[in-house]
$ cat final-v1.txt   # compact mmCIF, C-alpha atoms and all ligand atoms
# COMPACT_ATOMS: atom_id res chain seq x y z
CA MET A 285 0.93 -4.94 29.10
CA LYS A 286 -2.22 -6.95 29.78
CA THR A 287 -3.24 -9.18 26.88
CA LYS A 288 -5.41 -11.80 28.57
CA LYS A 289 -8.55 -11.11 26.55
CA SER A 290 -6.64 -10.97 23.24
CA GLN A 291 -4.99 -14.33 24.02
CA LYS A 292 -8.34 -15.89 24.82
CA LEU A 293 -9.95 -14.60 21.61
CA TYR A 294 -6.96 -15.69 19.55
CA LYS A 295 -7.26 -19.22 20.89
CA LYS A 296 -10.94 -19.28 19.92
CA ALA A 297 -10.23 -17.71 16.50
CA LEU A 298 -7.62 -20.39 15.75
CA THR A 299 -10.35 -23.03 15.92
CA LEU A 300 -12.51 -21.14 13.42
CA MET A 301 -10.20 -19.44 10.90
CA PRO A 302 -6.89 -20.45 9.28
CA GLY A 303 -4.24 -18.96 11.56
CA GLY A 304 -7.05 -17.26 13.47
CA VAL A 305 -7.16 -14.38 10.98
CA ASN A 306 -8.71 -13.24 7.73
CA SER A 307 -5.45 -11.92 6.22
CA PRO A 308 -2.05 -13.54 6.92
CA VAL A 309 0.15 -10.65 8.13
CA ARG A 310 -2.32 -9.91 10.91
CA ALA A 311 -1.21 -13.08 12.71
CA PHE A 312 2.14 -11.57 13.93
CA LYS A 313 4.03 -14.60 12.56
CA ALA A 314 7.02 -12.50 11.44
CA VAL A 315 7.57 -11.11 14.93
CA GLY A 316 6.58 -14.17 16.99
CA GLY A 317 3.85 -13.97 19.60
CA ASN A 318 0.14 -13.53 19.16
CA PRO A 319 -1.94 -10.78 17.57
CA LEU A 320 -3.91 -8.21 19.54
CA PHE A 321 -7.66 -8.09 19.09
CA ILE A 322 -8.86 -4.57 18.52
CA ALA A 323 -12.01 -3.22 20.12
CA LYS A 324 -12.16 0.30 18.71
CA ALA A 325 -10.19 3.18 17.24
CA LYS A 326 -10.39 6.95 17.09
CA GLY A 327 -8.08 9.47 15.45
CA SER A 328 -4.46 8.30 15.76
CA LYS A 329 -5.22 5.70 18.44
CA ILE A 330 -6.38 2.10 18.52
CA TYR A 331 -7.58 0.24 21.60
CA ASP A 332 -7.37 -3.51 22.13
CA VAL A 333 -9.88 -5.68 23.96
CA ASP A 334 -7.74 -5.53 27.14
CA GLY A 335 -8.07 -1.75 27.19
CA ASN A 336 -4.52 -0.91 26.03
CA GLU A 337 -4.12 2.25 23.96
CA TYR A 338 -1.67 2.52 21.07
CA ILE A 339 -0.58 5.21 18.65
CA ASP A 340 -1.37 3.56 15.34
CA TYR A 341 1.09 3.60 12.41
CA VAL A 342 -0.66 0.76 10.56
CA LEU A 343 -3.93 2.60 9.93
CA SER A 344 -5.62 -0.48 8.51
CA TRP A 345 -2.53 -0.94 6.27
CA GLY A 346 -2.75 2.51 4.76
CA PRO A 347 -6.33 3.59 4.00
CA LEU A 348 -7.00 5.77 7.06
CA ILE A 349 -5.08 8.88 6.03
CA LEU A 350 -7.55 11.07 7.95
CA GLY A 351 -7.21 8.89 11.05
CA HIS A 352 -9.77 6.46 12.50
CA ALA A 353 -13.45 7.36 12.59
CA HIS A 354 -13.01 10.85 11.14
CA PRO A 355 -16.21 12.79 11.96
CA ALA A 356 -16.91 13.78 8.33
CA VAL A 357 -16.54 10.18 7.14
CA VAL A 358 -18.67 8.80 9.98
CA LYS A 359 -21.39 11.36 9.28
CA ALA A 360 -21.44 10.59 5.55
CA LEU A 361 -21.59 6.86 6.26
CA LYS A 362 -24.48 7.24 8.70
CA LYS A 363 -26.42 9.23 6.14
CA ALA A 364 -25.64 6.72 3.41
CA VAL A 365 -26.72 3.72 5.52
CA GLU A 366 -30.13 5.29 6.11
CA ARG A 367 -30.68 5.48 2.36
CA GLY A 368 -29.95 1.77 1.87
CA THR A 369 -26.63 -0.03 1.60
CA SER A 370 -26.59 -1.07 -2.05
CA TYR A 371 -28.86 -0.99 -5.09
CA GLY A 372 -26.93 -2.71 -7.87
CA ALA A 373 -27.75 0.28 -10.04
CA PRO A 374 -25.88 3.52 -10.84
CA THR A 375 -25.82 6.40 -8.35
CA GLU A 376 -24.82 10.03 -8.54
CA LEU A 377 -22.20 9.38 -5.85
CA GLU A 378 -20.17 7.29 -8.29
CA ILE A 379 -19.91 10.28 -10.64
CA GLU A 380 -18.74 12.48 -7.78
CA LEU A 381 -16.01 10.06 -6.72
CA ALA A 382 -14.86 9.54 -10.32
CA LYS A 383 -14.55 13.33 -10.71
CA LEU A 384 -12.56 13.66 -7.48
CA VAL A 385 -10.16 10.90 -8.51
CA LYS A 386 -9.72 12.39 -11.96
CA LYS A 387 -8.84 15.76 -10.45
CA ALA A 388 -5.95 14.16 -8.56
CA PHE A 389 -4.95 11.74 -11.35
CA PRO A 390 -5.23 13.44 -14.74
CA SER A 391 -3.94 10.22 -16.39
CA ILE A 392 -7.23 8.56 -15.38
CA GLU A 393 -9.63 9.60 -18.13
CA LYS A 394 -12.07 6.83 -17.29
CA ILE A 395 -12.36 4.70 -14.18
CA ARG A 396 -14.00 1.43 -13.05
CA MET A 397 -14.71 0.82 -9.36
CA VAL A 398 -14.10 -2.64 -7.86
CA ASN A 399 -14.01 -3.97 -4.29
CA SER A 400 -10.32 -4.54 -3.54
CA GLY A 401 -6.82 -3.73 -4.73
CA THR A 402 -6.41 -7.32 -5.86
CA GLU A 403 -9.42 -7.01 -8.12
CA ALA A 404 -8.04 -3.75 -9.51
CA THR A 405 -4.67 -5.20 -10.55
CA MET A 406 -6.21 -8.45 -11.81
CA SER A 407 -8.66 -6.50 -13.97
CA ALA A 408 -6.04 -4.02 -15.22
CA ILE A 409 -3.87 -6.90 -16.40
CA ARG A 410 -6.77 -8.59 -18.17
CA LEU A 411 -7.54 -5.28 -19.81
CA ALA A 412 -3.93 -4.74 -20.92
CA ARG A 413 -3.90 -8.24 -22.42
CA GLY A 414 -7.20 -7.66 -24.18
CA PHE A 415 -6.04 -4.32 -25.52
CA THR A 416 -2.62 -5.44 -26.79
CA LYS A 417 -3.60 -9.03 -27.76
CA ARG A 418 -0.41 -10.12 -26.00
CA ASP A 419 0.01 -12.39 -22.96
CA LYS A 420 3.24 -11.68 -21.09
CA VAL A 421 3.49 -9.47 -18.03
CA ILE A 422 6.57 -7.89 -16.45
CA LYS A 423 6.61 -7.35 -12.69
CA PHE A 424 9.38 -6.45 -10.26
CA GLU A 425 10.86 -8.29 -7.27
CA GLY A 426 9.33 -7.19 -3.99
CA CYS A 427 6.28 -5.54 -5.57
CA TYR A 428 2.99 -6.88 -4.24
CA HIS A 429 -0.12 -6.52 -6.35
CA GLY A 430 -2.62 -8.44 -4.26
CA HIS A 431 -3.08 -12.19 -4.41
CA VAL A 432 -3.59 -12.43 -8.17
CA ASP A 433 -2.47 -15.90 -9.40
CA GLY A 434 -0.03 -14.77 -12.05
CA LEU A 435 1.50 -12.08 -9.83
CA LEU A 436 2.30 -14.23 -6.81
CA VAL A 437 5.91 -14.54 -7.84
CA SER A 438 8.60 -12.71 -5.87
CA ALA A 439 5.85 -10.64 -4.27
CA GLY A 440 6.34 -8.52 -1.16
CA SER A 441 4.00 -8.21 1.86
CA GLY A 442 2.94 -11.65 3.20
CA GLY A 443 5.13 -13.32 0.57
CA ALA A 444 8.24 -11.42 1.69
CA THR A 445 7.33 -11.87 5.32
CA PHE A 446 7.01 -15.63 5.07
CA GLY A 447 9.63 -16.21 2.42
CA ILE A 448 7.12 -18.01 0.23
CA PRO A 449 8.39 -17.39 -3.29
CA ASP A 450 5.17 -18.76 -4.73
CA SER A 451 1.82 -19.91 -3.43
CA LEU A 452 0.53 -23.45 -3.59
CA GLY A 453 -2.40 -23.68 -5.92
CA VAL A 454 -1.00 -21.40 -8.61
CA PRO A 455 -0.51 -23.38 -11.83
CA VAL A 456 3.01 -23.07 -13.23
CA SER A 457 1.43 -22.29 -16.59
CA TYR A 458 -0.04 -19.07 -15.15
CA THR A 459 3.23 -17.69 -13.82
CA LYS A 460 5.03 -18.75 -17.02
CA GLU A 461 3.57 -15.61 -18.58
CA THR A 462 5.09 -13.47 -15.81
CA ILE A 463 8.63 -12.13 -16.14
CA VAL A 464 10.14 -10.95 -12.84
CA LEU A 465 12.88 -8.32 -12.89
CA PRO A 466 14.89 -6.50 -10.19
CA PHE A 467 13.49 -3.10 -9.23
CA ASN A 468 15.50 -0.02 -10.22
CA ASP A 469 17.56 -2.04 -12.74
CA ILE A 470 17.33 -0.22 -16.07
CA GLU A 471 19.76 -2.51 -17.90
CA ALA A 472 17.87 -5.73 -17.04
CA PHE A 473 14.64 -4.08 -18.15
CA ARG A 474 16.03 -2.83 -21.48
CA ALA A 475 17.61 -6.22 -22.24
CA THR A 476 14.32 -8.03 -21.55
CA LEU A 477 12.36 -5.76 -23.86
CA LYS A 478 14.94 -6.17 -26.58
CA GLU A 479 14.28 -9.90 -26.52
CA HIS A 480 10.56 -10.10 -25.65
CA GLY A 481 9.25 -6.56 -26.24
CA LYS A 482 6.64 -7.59 -28.82
CA GLU A 483 5.17 -10.35 -26.60
CA ILE A 484 4.63 -8.17 -23.54
CA ALA A 485 1.15 -6.87 -22.76
CA CYS A 486 2.02 -4.78 -19.74
CA VAL A 487 4.56 -3.72 -17.16
CA ILE A 488 3.13 -3.42 -13.66
CA LEU A 489 4.87 -1.93 -10.64
CA GLU A 490 4.46 -0.20 -7.33
CA PRO A 491 6.11 3.11 -8.28
CA VAL A 492 7.29 3.32 -4.67
CA ILE A 493 7.46 -0.18 -3.18
CA GLY A 494 5.41 -0.17 0.00
CA ASN A 495 5.12 -3.92 0.41
CA MET A 496 8.82 -4.47 1.04
CA GLY A 497 9.11 -1.61 3.53
CA CYS A 498 9.49 1.62 1.59
CA ILE A 499 11.73 1.49 -1.48
CA LEU A 500 12.11 4.59 -3.61
CA PRO A 501 12.43 4.40 -7.39
CA ARG A 502 15.28 6.07 -9.21
CA GLN A 503 13.83 8.86 -11.35
CA GLU A 504 15.74 7.49 -14.39
CA PHE A 505 14.28 4.04 -13.78
CA LEU A 506 10.70 5.32 -14.03
CA GLU A 507 11.65 7.41 -17.07
CA ALA A 508 13.18 4.37 -18.76
CA LEU A 509 10.03 2.34 -18.09
CA ARG A 510 7.89 5.03 -19.69
CA GLU A 511 10.16 5.50 -22.67
CA GLU A 512 10.66 1.80 -23.46
CA THR A 513 7.03 0.75 -22.96
CA GLU A 514 5.98 3.48 -25.39
CA LYS A 515 8.49 2.21 -27.94
CA TYR A 516 7.18 -1.37 -27.79
CA GLU A 517 3.51 -0.34 -27.35
CA ILE A 518 3.33 -2.00 -23.94
CA VAL A 519 0.73 -0.83 -21.40
CA LEU A 520 2.44 0.75 -18.38
CA ILE A 521 0.46 0.09 -15.19
CA PHE A 522 1.20 1.94 -11.97
CA ASP A 523 -0.19 0.02 -9.03
CA GLU A 524 -0.92 2.99 -6.78
CA VAL A 525 -3.23 1.06 -4.45
CA MET A 526 -0.94 2.11 -1.62
CA THR A 527 0.88 5.15 -3.03
CA GLY A 528 -2.26 6.85 -4.36
CA PHE A 529 -2.99 9.93 -2.18
CA ARG A 530 -0.09 8.82 0.06
CA VAL A 531 3.09 9.78 -1.84
CA SER A 532 1.27 12.97 -2.84
CA PHE A 533 -2.29 14.03 -3.68
CA GLY A 534 -1.74 12.74 -7.23
CA GLY A 535 0.18 9.67 -6.07
CA ALA A 536 3.66 8.68 -7.18
CA GLN A 537 2.91 9.55 -10.80
CA SER A 538 2.39 13.18 -9.96
CA TYR A 539 5.38 13.28 -7.58
CA PHE A 540 7.79 11.77 -10.16
CA GLY A 541 6.09 13.32 -13.19
CA ILE A 542 5.49 10.06 -15.06
CA LYS A 543 2.18 9.35 -16.80
CA PRO A 544 1.23 5.65 -16.85
CA ASP A 545 -1.38 4.24 -19.24
CA LEU A 546 -3.37 2.59 -16.46
CA THR A 547 -3.47 3.17 -12.70
CA CYS A 548 -4.75 0.89 -9.95
CA LEU A 549 -6.14 2.46 -6.80
CA GLY A 550 -7.61 1.19 -3.53
CA LYS A 551 -7.00 1.76 0.19
CA VAL A 552 -7.33 5.57 0.67
CA ILE A 553 -10.07 6.01 -1.95
CA GLY A 554 -12.40 3.84 0.15
CA GLY A 555 -11.83 5.83 3.35
CA GLY A 556 -11.55 2.56 5.29
CA LEU A 557 -14.21 0.56 3.46
CA PRO A 558 -13.47 -2.27 1.00
CA VAL A 559 -12.59 -0.71 -2.34
CA GLY A 560 -10.46 -0.76 -5.44
CA ALA A 561 -10.44 0.96 -8.82
CA TYR A 562 -8.59 0.96 -12.09
CA GLY A 563 -8.55 3.56 -14.78
CA GLY A 564 -6.52 5.35 -17.41
CA LYS A 565 -6.50 6.24 -21.07
CA LYS A 566 -9.92 6.41 -22.71
CA GLU A 567 -8.86 4.31 -25.68
CA ILE A 568 -7.76 1.48 -23.36
CA MET A 569 -10.70 1.77 -20.93
CA SER A 570 -13.12 1.54 -23.88
CA PHE A 571 -12.16 -2.14 -24.06
CA VAL A 572 -13.88 -2.76 -20.69
CA ALA A 573 -17.39 -4.30 -20.83
CA PRO A 574 -20.03 -3.15 -21.65
CA GLU A 575 -18.17 -0.77 -24.01
CA GLY A 576 -15.67 -3.40 -25.06
CA GLY A 577 -14.90 -7.09 -25.00
CA VAL A 578 -12.89 -7.36 -21.76
CA TYR A 579 -15.32 -8.73 -19.18
CA GLN A 580 -15.20 -7.47 -15.62
CA ALA A 581 -18.08 -7.01 -13.15
CA GLY A 582 -18.94 -6.76 -9.45
CA THR A 583 -22.18 -7.09 -7.47
CA LEU A 584 -21.16 -4.48 -4.86
CA SER A 585 -18.79 -2.42 -7.03
CA GLY A 586 -19.20 1.32 -6.49
CA ASN A 587 -21.56 0.66 -3.57
CA PRO A 588 -22.83 3.81 -1.86
CA LEU A 589 -21.09 3.14 1.48
CA ALA A 590 -17.54 2.75 0.16
CA VAL A 591 -18.08 5.55 -2.32
CA SER A 592 -19.44 7.93 0.36
CA ALA A 593 -16.46 7.28 2.64
CA GLY A 594 -14.15 7.78 -0.34
CA ILE A 595 -15.76 11.06 -1.36
CA GLU A 596 -15.47 12.56 2.14
CA THR A 597 -11.85 11.46 2.38
CA LEU A 598 -10.86 12.87 -1.01
CA LYS A 599 -12.71 16.12 -0.34
CA ILE A 600 -10.56 16.74 2.72
CA LEU A 601 -7.43 15.65 0.87
CA SER A 602 -8.28 18.11 -1.94
CA LYS A 603 -7.66 21.07 0.38
CA ALA A 604 -4.19 22.51 -0.15
CA SER A 605 -3.56 22.77 3.59
CA THR A 606 -4.03 19.02 4.14
CA TYR A 607 -0.79 17.85 2.55
CA LYS A 608 1.14 20.70 4.16
CA LYS A 609 -0.02 19.45 7.52
CA LEU A 610 0.67 15.80 6.68
CA ASP A 611 4.13 16.74 5.49
CA LYS A 612 4.88 18.57 8.72
CA ILE A 613 3.80 15.60 10.85
CA MET A 614 5.84 13.21 8.73
CA GLN A 615 8.89 15.47 8.83
CA HIS A 616 8.79 15.58 12.62
CA LEU A 617 8.64 11.82 12.76
CA GLU A 618 11.45 11.39 10.22
CA GLU A 619 13.77 13.81 12.00
CA GLY A 620 12.87 12.38 15.41
CA LEU A 621 13.48 8.76 14.45
CA LYS A 622 16.75 9.51 12.66
CA ASP A 623 17.95 11.52 15.63
CA ALA A 624 16.88 8.84 18.12
CA ALA A 625 18.84 6.20 16.19
CA LYS A 626 21.90 8.44 16.11
CA ARG A 627 21.75 9.19 19.82
CA ALA A 628 21.31 5.50 20.59
CA GLY A 629 24.29 4.70 18.39
CA ILE A 630 22.42 2.30 16.10
CA LYS A 631 22.78 2.18 12.33
CA VAL A 632 19.49 2.28 10.47
CA LYS A 633 18.34 3.32 7.03
CA PHE A 634 15.18 5.41 7.04
CA TYR A 635 13.13 5.99 3.90
CA ARG A 636 10.08 8.04 3.33
CA ALA A 637 7.74 8.84 0.44
CA GLY A 638 5.06 11.36 1.36
CA THR A 639 3.15 9.78 4.25
CA MET A 640 4.71 6.28 3.94
CA PHE A 641 7.94 5.30 5.67
CA CYS A 642 10.17 2.45 6.82
CA THR A 643 13.15 1.98 9.12
CA TYR A 644 15.53 -0.81 8.08
CA PHE A 645 18.11 -2.24 10.45
CA THR A 646 20.95 -2.23 7.96
CA GLU A 647 23.89 -0.12 6.80
CA THR A 648 23.22 -1.01 3.16
CA ASP A 649 21.31 1.44 0.97
CA VAL A 650 17.95 -0.16 0.24
CA ILE A 651 17.16 0.10 -3.48
CA ASP A 652 15.46 -3.23 -4.24
CA ALA A 653 14.19 -6.47 -2.67
CA ARG A 654 17.72 -7.91 -2.33
CA THR A 655 19.07 -4.96 -0.37
CA ALA A 656 15.89 -4.75 1.72
CA LYS A 657 16.58 -8.30 2.87
CA THR A 658 19.90 -7.19 4.41
CA SER A 659 17.85 -5.73 7.26
CA ASP A 660 18.35 -7.53 10.57
CA THR A 661 14.88 -8.99 11.20
CA GLU A 662 15.87 -10.17 14.70
CA LYS A 663 16.50 -6.54 15.61
CA PHE A 664 13.20 -5.62 14.03
CA LYS A 665 11.35 -8.17 16.16
CA LYS A 666 12.77 -6.64 19.33
CA PHE A 667 11.99 -3.18 18.01
CA PHE A 668 8.39 -4.19 17.30
CA TRP A 669 7.71 -5.61 20.77
CA GLY A 670 9.56 -2.78 22.49
CA MET A 671 7.43 -0.21 20.70
CA LEU A 672 4.22 -2.12 21.39
CA GLU A 673 5.02 -2.26 25.12
CA ARG A 674 5.46 1.51 25.01
CA GLY A 675 2.08 2.06 23.37
CA VAL A 676 3.15 2.34 19.71
CA TYR A 677 1.56 0.00 17.17
CA ILE A 678 3.66 -0.56 14.03
CA ALA A 679 3.22 -3.21 11.36
CA PRO A 680 4.26 -6.65 12.65
CA SER A 681 6.82 -7.16 9.87
CA GLN A 682 10.01 -5.45 8.71
CA PHE A 683 8.73 -5.60 5.16
CA GLU A 684 5.68 -3.38 5.53
CA ALA A 685 5.45 0.39 5.30
CA GLY A 686 4.42 2.61 8.19
CA PHE A 687 1.81 5.32 7.71
CA ILE A 688 0.83 8.55 9.41
CA SER A 689 -2.54 10.28 9.39
CA LEU A 690 -3.88 13.79 9.69
CA ALA A 691 -4.91 12.85 13.24
CA HIS A 692 -1.34 12.25 14.48
CA THR A 693 -0.38 15.02 16.90
CA GLN A 694 2.91 16.57 17.94
CA LYS A 695 2.48 14.74 21.25
CA ASP A 696 2.02 11.39 19.44
CA ILE A 697 5.24 11.95 17.52
CA GLU A 698 7.16 12.94 20.65
CA LYS A 699 5.94 9.85 22.49
CA THR A 700 6.86 7.66 19.50
CA VAL A 701 10.35 9.13 19.21
CA LYS A 702 10.97 8.74 22.95
CA ALA A 703 9.87 5.09 22.77
CA ALA A 704 12.06 4.48 19.71
CA TYR A 705 15.11 5.94 21.48
CA GLU A 706 14.59 3.67 24.49
CA VAL A 707 14.16 0.59 22.30
CA PHE A 708 17.04 1.47 19.93
CA LYS A 709 19.33 1.74 22.94
CA LYS A 710 18.54 -1.83 23.94
CA LEU A 711 19.24 -3.35 20.49
C1 LIG B 801 -2.79 -3.52 -0.62
C2 LIG B 801 -2.28 -3.62 -1.99
C3 LIG B 801 -2.90 -4.40 -2.98
C4 LIG B 801 -4.04 -5.32 -2.66
O1 LIG B 801 -5.17 -4.66 -2.22
P1 LIG B 801 -6.30 -5.52 -1.44
O2 LIG B 801 -7.39 -4.52 -1.21
O3 LIG B 801 -5.64 -6.00 -0.18
O4 LIG B 801 -6.69 -6.62 -2.33
C5 LIG B 801 -2.43 -4.33 -4.27
N1 LIG B 801 -1.38 -3.55 -4.59
C6 LIG B 801 -0.74 -2.82 -3.67
C7 LIG B 801 0.40 -1.96 -4.10
C8 LIG B 801 -1.15 -2.82 -2.35
O5 LIG B 801 -0.49 -2.12 -1.44

$ encode --input "final-v1.txt" --output "structure tokens" --more "lines below"
Ligand SMILES: *Cc1c(COP(=O)(O)O)cnc(C)c1O
Amino acid sequence: MKTKKSQKLYKKALTLMPGGVNSPVRAFKAVGGNPLFIAKAKGSKIYDVDGNEYIDYVLSWGPLILGHAHPAVVKALKKAVERGTSYGAPTELEIELAKLVKKAFPSIEKIRMVNSGTEATMSAIRLARGFTKRDKVIKFEGCYHGHVDGLLVSAGSGGATFGIPDSLGVPVSYTKETIVLPFNDIEAFRATLKEHGKEIACVILEPVIGNMGCILPRQEFLEALREETEKYEIVLIFDEVMTGFRVSFGGAQSYFGIKPDLTCLGKVIGGGLPVGAYGGKKEIMSFVAPEGGVYQAGTLSGNPLAVSAGIETLKILSKASTYKKLDKIMQHLEEGLKDAAKRAGIKVKFYRAGTMFCTYFTETDVIDARTAKTSDTEKFKKFFWGMLERGVYIAPSQFEAGFISLAHTQKDIEKTVKAAYEVFKKL
């Protein structure tokens, strides 16, 4: 594998940006070695600056569910650009996107667009505090909700990757209002509410944890969260920035049949452009400015480019045949990888939720952050580089989910499974 140009660019980037990147996990620190610089992408493939081609299971960390540069999205973007990139005033497009989201997420009666997932969770928490007039927040170990100050405790993603329990620069007083509990642990949750129930503004979670690999919730756990938060009048927030349109068309909430009070979205709804959104019950959303007293604003929020890409993406996802096709692709990959591991005689745990998945190198059932950490990260490193050499690009960390797109073909899956078998055999 030639990487001369990538190495040269990385060296230059290191002199200009912290770690040479604009988001930490891109730097390949968890797997050792240097990142690849990408030149272009189309469908299921990305191409680096040295001309190598890879089947992409990162898909910009989730958003590109239609694949890279989908013709309908590209066309809509070109048209939108010609009309001007942003006006700082309302457009009809925003109404169209809001309607499309609402169709998939009936729990979202009203929505506010923002520019990133981080902004969505940060704003949803401010709103929950404003609505309940309470301060405390419950989050779960291994759940990542963006780099919001008060939520950077026991977070997944970069935090899990680097083993940084907290970030420098976050005042202790901020995280003092955050209670961290183990995921899937109903008893710990009930006991905490018994003691602090009346002080808690909201409970926020990734209903399927995608920032610690792929950790499925127990149905009873989600039911207990809904039941108990109702009892104590706590706002239940599903952070579906990753799971939205990925676990199913209506996200994890539709798949598990649980209706949260607020939902955070991002990634897929921007079709590959910077985006975020939060929404939910009308009575809660009416607290958002200018209707209510919870201030939140954004110069480029709901801008016509991100919204156009989002609309085209959701339109295609709205077709019944789309998820059938996605499911078929994912099923082939699941069966292929499980079979490859078995034939190679290696013990792995494979988990999947809709179009998200993760392979852990462990014999322990992964149900929370603690059990996820039993995965052999040395094996993962070798797996990562082995796959890359064979033209398969997966996330450069054990604790990230993999994603498929509508553009992944039968041939892509076969090539991936063959590569996985060869690499598994060497572990
Ligand atoms: C990606 C992600 C975020 C943060 O979104 P950004 O757009 O990176 O700020 C928040 N929550 C979850 C669950 C995510 O996966």

$ closest_residue --input "final-v1.txt" --among "A:Asn399, A:Thr661, A:Thr369, A:Ser457" --to "A:Asp419" --atoms "all atoms listed in the file"
A:Ser457

$ residues_near_point --input "final-v1.txt" --point "(18.4, -5.4, 3.0)" --cutoff "10 Å" --atoms "all atoms listed in the file" --output "PDB file with C-alpha atoms, keeping the file's coordinate frame"
ATOM      1  CA  MET A 496       8.820  -4.470   1.040  1.00  0.00           C
ATOM      2  CA  LYS A 633      18.340   3.320   7.030  1.00  0.00           C
ATOM      3  CA  TYR A 644      15.530  -0.810   8.080  1.00  0.00           C
ATOM      4  CA  PHE A 645      18.110  -2.240  10.450  1.00  0.00           C
ATOM      5  CA  THR A 646      20.950  -2.230   7.960  1.00  0.00           C
ATOM      6  CA  GLU A 647      23.890  -0.120   6.800  1.00  0.00           C
ATOM      7  CA  THR A 648      23.220  -1.010   3.160  1.00  0.00           C
ATOM      8  CA  ASP A 649      21.310   1.440   0.970  1.00  0.00           C
ATOM      9  CA  VAL A 650      17.950  -0.160   0.240  1.00  0.00           C
ATOM     10  CA  ILE A 651      17.160   0.100  -3.480  1.00  0.00           C
ATOM     11  CA  ASP A 652      15.460  -3.230  -4.240  1.00  0.00           C
ATOM     12  CA  ALA A 653      14.190  -6.470  -2.670  1.00  0.00           C
ATOM     13  CA  ARG A 654      17.720  -7.910  -2.330  1.00  0.00           C
ATOM     14  CA  THR A 655      19.070  -4.960  -0.370  1.00  0.00           C
ATOM     15  CA  ALA A 656      15.890  -4.750   1.720  1.00  0.00           C
ATOM     16  CA  LYS A 657      16.580  -8.300   2.870  1.00  0.00           C
ATOM     17  CA  THR A 658      19.900  -7.190   4.410  1.00  0.00           C
ATOM     18  CA  SER A 659      17.850  -5.730   7.260  1.00  0.00           C
ATOM     19  CA  ASP A 660      18.350  -7.530  10.570  1.00  0.00           C
ATOM     20  CA  THR A 661      14.880  -8.990  11.200  1.00  0.00           C
ATOM     21  CA  PHE A 683       8.730  -5.600   5.160  1.00  0.00           C
TER      22      PHE A 683
END

$ residues_near_point --input "final-v1.txt" --point "(-7.7, 0.6, -24.5)" --cutoff "12 Å" --atoms "all atoms listed in the file" --output "JSON, numbers by chain"
{"A": [393, 394, 408, 409, 410, 411, 412, 413, 414, 415, 416, 417, 485, 517, 518, 519, 520, 545, 546, 563, 564, 565, 566, 567, 568, 569, 570, 571, 572, 573, 575, 576, 577, 578]}

$ atom_distance --input "final-v1.txt" --atom1 "atom CA of A:His616" --atom2 "atom CA of A:Lys710"
22.9 Å

$ residues_around --input "final-v1.txt" --residues "A:Lys695" --least-positions-apart "6" --cutoff "12 Å" --atoms "only C-alpha atoms" --output "ChimeraX atom specification"
/A:328,339,613,616-617,701-702
